[in-house]
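Participant: The structure under discussion is supplied below as structure tokens; questions concerning it will follow.
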Amino acid sequence: MAGDYPFVITVASEKGGVGKTTIATNLAVYLKALDEDLPVTIASFDNHFSVDSMFAIGSQRGKSVADLFNGVPAAQLASLGEYGVQFLASDSALAPFGDDPAWLTGALGRSGLSGILILDTRPILDYFTRSALLAADLVLVPVKDRPSLVNTASLARTLKEAGQGLDKMWLLPSLIDGRLRLRENLGVREFLVFAAEERGYQVLDQFIAKSPKVESLVTNLSNRVYPVLTHARTTLVHRQLHELSRFVLDRFRATKLPLNQCQAGFADVPARRVRRLLTACPVCGEAMNGTDGQFFQDIRSRRRGFMHRDCLQGLLEQTGIAEELPDQGVLVMSTATTGLDGDDSTMLLHLYDVDGDESSVESVPDFFDTPFAECWRQVSDRLPEELYREFLLVGLEGGPPGRFLSADGSSRWGQLRRRVLRSVLARVG
Ligand SMILES: Nc1ncnc2c1ncn2[C@@H]1O[C@H](COP(=O)(O)OP(=O)(O)O)[C@@H](O)[C@H]1O
Ligand SMILES: [Mg+2]
């Protein structure tokens, strides 16, 4: 049995030297110190070895993070290190798994890790940084000056282009010299907070001060790097990292709360079923909370959500089943026959009854030109041209569709889904 999906914290900035690695590694130590029962794992996609320098025990090397991108579940790669933190060994040669940065999100879902996973990234927006951004539940962006703030725009763009909101991204003023005044009464931190909020970014109340003592933890002559918690407890940074960790723990625990977006009586829904829940109707973009509409699930991205019954009717308008959409059963959209060259962009619509028996199939030609294409893009974050052997299932049922997320509803849906998928696959080959 796989464990829970980990809560993923990505520390990212396109600028080097803003404190990413210092924050990522120390955050791991502080989180563990605040809650020793919480599994905390750290990995770096950078080709430096700071993670290893802090966490490797003795000369133990640990299994390489590179294997994460060979499809090895992260839980099999994590070694227990110093301070009770698990780590994946850094690697100077990472190779992408395919070219879809959303792949990591799924891989971490199957990673077997639970608790918190911290990802440190390189100061460039490459495949690995993008992967880490998309997979994150919380993105921390250290900013120390105007250039690093301006650069945040490309991180924000990456999230937006993937259909994600900026609500998981937090700027963290870092390496702040409290004595420095840009203008009378205007310190660097005040400037950063002001300029960030002006651009619509969230900024943490917490910040990390510049401290010679903290700097010396890295630049000592041994190849070990020591945490602030054990070696710089007298600094302001100690208190600041402590506060930052509290913030992170609050976010982590908030996502463990039952279904905060869906208040209407789904209190028994575990976090892993909420994690990939879309909160807007993929057709009209309005917020949905599981009290009305139809439940859907995209098989590849494993995303679930709800869409208005009227919106679904609108999608089906030009098709034969518009008139006779049943109240019960499953509607499947499949692109299994779509040619990658785009010549053959046919989508199939399959209708199944409540027992999972097929009742009709209809083909929708020129799928790219239909409203289905945009709906699917909203659901899956993939361009219609990239859809190949994809299956989007819509559960047709009266009553609140949030029921599909409850323990009962989800296992009932799982059975029906497996049956329906077997039948669809048998048909499309
Ligand atoms: N709070 C701090 N006070 C003083 N120096 C710091 C602080 N945080 C980081 N540094 C130093 O700044 C440099 C860059 O930090 P690092 O965490 O490696 O940044 P990044 O990972 O963004 O490149 C390192 O030499 C580090 O020791
Ligand atoms: Mg770094």
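If you're wondering about the labels, chains in the structure tokens are A, B, ... by order shown, residues count from 1 in each chain, ligands from 1 in order shown.
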Taking only C-alpha atoms and all ligand atoms into account, list the residues no farther than 6 Å from ligand 1, as a PyMOL selection string.
Facilitator: chain A and resi 16-22+175+208-212+214-215+218
Participant: Mind checking which residues fall within 12 Å of Gly314 (chain A), counting only C-alpha atoms, ignoring those fewer than 3 positions away in the same chain, and posting them as a list in words?
Facilitator: Val283, Cys284, Met307, His308, Arg309, Asp310, Cys311, Glu317, Gln318, Thr319, Ile321, Ala322, Glu323, Leu325, Thr370, Pro371, Phe372 and Cys375 of chain A
Participant: Using C-alpha atoms, can you write the selected residues to a file as a PDB file, in the first residue's frame?
Facilitator:
```
ATOM      1  CA  VAL A 283     -16.727  24.776 -18.606  1.00  0.00           C
ATOM      2  CA  CYS A 284     -17.783  28.111 -17.120  1.00  0.00           C
ATOM      3  CA  MET A 307     -19.218  20.629 -13.448  1.00  0.00           C
ATOM      4  CA  HIS A 308     -22.674  22.155 -13.742  1.00  0.00           C
ATOM      5  CA  ARG A 309     -25.290  19.919 -15.285  1.00  0.00           C
ATOM      6  CA  ASP A 310     -26.241  22.804 -17.595  1.00  0.00           C
ATOM      7  CA  CYS A 311     -22.628  23.247 -18.655  1.00  0.00           C
ATOM      8  CA  GLU A 317     -25.296  20.376 -27.556  1.00  0.00           C
ATOM      9  CA  GLN A 318     -24.109  19.322 -31.005  1.00  0.00           C
ATOM     10  CA  THR A 319     -24.175  15.625 -30.202  1.00  0.00           C
ATOM     11  CA  ILE A 321     -26.986  12.389 -26.640  1.00  0.00           C
ATOM     12  CA  ALA A 322     -27.833  15.990 -25.792  1.00  0.00           C
ATOM     13  CA  GLU A 323     -31.517  15.124 -25.811  1.00  0.00           C
ATOM     14  CA  LEU A 325     -28.585  12.438 -21.270  1.00  0.00           C
ATOM     15  CA  THR A 370     -15.472  21.590 -30.258  1.00  0.00           C
ATOM     16  CA  PRO A 371     -15.949  23.031 -26.751  1.00  0.00           C
ATOM     17  CA  PHE A 372     -14.827  19.645 -25.404  1.00  0.00           C
ATOM     18  CA  CYS A 375     -13.028  21.827 -21.170  1.00  0.00           C
TER      19      CYS A 375
END
```
Participant: Which residues form the shell of 12 Å around ligand 2 when you count only C-alpha atoms and all ligand atoms, given as a VMD selection string?
Facilitator: chain A and resid 11 to 25 43 to 51 90 119 to 124 142 218
Participant: Would you mind exporting the chosen residues as a short mmCIF file (atom, residue, chain, number, x, y, z; two decimals), in the first residue's frame, restricted to C-alpha atoms?
Facilitator:
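For reference, result.cif as written:
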```cif
data_model
loop_
_atom_site.label_atom_id
_atom_site.label_comp_id
_atom_site.auth_asym_id
_atom_site.auth_seq_id
_atom_site.Cartn_x
_atom_site.Cartn_y
_atom_site.Cartn_z
CA VAL A 11 11.69 26.52 -2.54
CA ALA A 12 12.34 28.31 -5.81
CA SER A 13 13.78 31.46 -7.33
CA GLU A 14 15.46 32.07 -10.63
CA LYS A 15 18.08 34.05 -8.75
CA GLY A 16 20.99 32.32 -7.07
CA GLY A 17 22.23 33.39 -3.66
CA VAL A 18 18.84 34.40 -2.28
CA GLY A 19 18.88 31.78 0.49
CA LYS A 20 16.89 28.93 -1.12
CA THR A 21 19.13 26.14 0.07
CA THR A 22 19.63 27.66 3.51
CA ILE A 23 15.87 27.98 3.93
CA ALA A 24 15.03 24.54 2.50
CA THR A 25 17.55 22.63 4.59
CA ALA A 43 15.65 16.51 -1.94
CA SER A 44 17.51 18.98 -4.10
CA PHE A 45 17.35 19.26 -7.87
CA ASP A 46 20.45 21.44 -7.77
CA ASN A 47 23.86 20.08 -8.65
CA HIS A 48 25.27 21.19 -5.32
CA PHE A 49 25.56 18.87 -2.37
CA SER A 50 24.41 21.09 0.49
CA VAL A 51 21.59 18.71 1.39
CA SER A 90 21.93 15.01 -4.65
CA LEU A 119 12.27 20.35 -2.75
CA ASP A 120 15.22 22.68 -3.22
CA THR A 121 15.69 23.85 -6.80
CA ARG A 122 18.27 25.33 -9.16
CA PRO A 123 18.28 29.05 -9.87
CA ILE A 124 16.95 28.44 -13.38
CA PRO A 142 12.96 33.92 -1.18
CA VAL A 218 28.29 27.16 5.35
#
```
Participant: Can you tell me, as a list in words, which residues in region 154-218 of chain A count as strand (DSSP E) by DSSP?
Facilitator: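 Result set for region 154-218 of chain A (strand (DSSP E)): Met169, Trp170, Leu171, Leu172, Pro173, Arg181, Leu182, Arg183, Leu186, Gly187, Gln202 and Val203 of chain A.
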Participant: How would the residues just chosen look if you wrote them out with N, CA and C atoms as a short mmCIF file (atom, residue, chain, number, x, y, z; two decimals), in the first residue's frame?
Facilitator:
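What landed in result03.cif:
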```cif
data_model
loop_
_atom_site.label_atom_id
_atom_site.label_comp_id
_atom_site.auth_asym_id
_atom_site.auth_seq_id
_atom_site.Cartn_x
_atom_site.Cartn_y
_atom_site.Cartn_z
N MET A 169 1.62 30.21 -3.66
CA MET A 169 2.95 30.83 -3.75
C MET A 169 3.10 31.97 -2.73
N TRP A 170 4.16 31.90 -1.94
CA TRP A 170 4.43 32.92 -0.92
C TRP A 170 5.84 33.44 -1.06
N LEU A 171 5.96 34.75 -1.11
CA LEU A 171 7.28 35.36 -1.13
C LEU A 171 7.81 35.49 0.30
N LEU A 172 9.10 35.24 0.46
CA LEU A 172 9.72 35.30 1.77
C LEU A 172 10.93 36.23 1.70
N PRO A 173 10.82 37.42 2.25
CA PRO A 173 11.98 38.32 2.25
C PRO A 173 13.16 37.63 2.95
N ARG A 181 18.79 51.27 4.74
CA ARG A 181 17.61 52.10 4.44
C ARG A 181 17.67 52.52 2.98
N LEU A 182 16.66 52.21 2.22
CA LEU A 182 16.63 52.63 0.82
C LEU A 182 16.32 54.12 0.76
N ARG A 183 15.37 54.50 1.60
CA ARG A 183 15.05 55.91 1.77
C ARG A 183 14.77 56.07 3.27
N LEU A 186 12.37 53.72 4.93
CA LEU A 186 12.01 52.61 4.03
C LEU A 186 13.14 51.60 4.00
N GLY A 187 12.93 50.50 4.71
CA GLY A 187 13.91 49.43 4.72
C GLY A 187 13.68 48.52 3.52
N GLN A 202 1.50 37.15 -2.70
CA GLN A 202 1.39 37.05 -1.25
C GLN A 202 2.78 37.11 -0.64
N VAL A 203 2.88 37.84 0.45
CA VAL A 203 4.18 37.93 1.13
C VAL A 203 4.00 37.45 2.57
#
```
Participant: Near region 35-41 of chain A, counting only C-alpha atoms, which residues have an atom at most 8 Å away, once you skip same-chain residues fewer than 5 positions from it, shown as a list in words?
Facilitator: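 Contacts, with the query itself left out: Ala28, Ala78, Gly84, Val85, Gln86, Phe87, Leu88, Ser114, Gly115, Ile116, Leu117 and Ile118 of chain A.
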Participant: Got time to write the residues from that selection, C-alpha atoms, as a PDB file, in the first residue's frame?
Facilitator:
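Okay, part.pdb is ready:
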```pdb
ATOM      1  CA  ALA A  28      13.474  20.498   7.317  1.00  0.00           C
ATOM      2  CA  ALA A  78      14.914   8.302   1.003  1.00  0.00           C
ATOM      3  CA  GLY A  84      15.705  12.702  11.910  1.00  0.00           C
ATOM      4  CA  VAL A  85      15.292  14.164   8.426  1.00  0.00           C
ATOM      5  CA  GLN A  86      15.099  11.800   5.459  1.00  0.00           C
ATOM      6  CA  PHE A  87      16.985  12.852   2.353  1.00  0.00           C
ATOM      7  CA  LEU A  88      17.562  11.847  -1.228  1.00  0.00           C
ATOM      8  CA  SER A 114       3.944  10.805   3.748  1.00  0.00           C
ATOM      9  CA  GLY A 115       4.382  13.907   5.846  1.00  0.00           C
ATOM     10  CA  ILE A 116       6.273  16.777   4.264  1.00  0.00           C
ATOM     11  CA  LEU A 117       8.616  16.721   1.283  1.00  0.00           C
ATOM     12  CA  ILE A 118      10.842  19.757   0.722  1.00  0.00           C
TER      13      ILE A 118
END
```
Participant: Just list as a PyMOL selection string whatever in region 7-167 of chain A DSSP marks as alpha helix (DSSP H).
Facilitator: chain A and resi 20-34+50-55+74-77+103-109+127-135+146-161
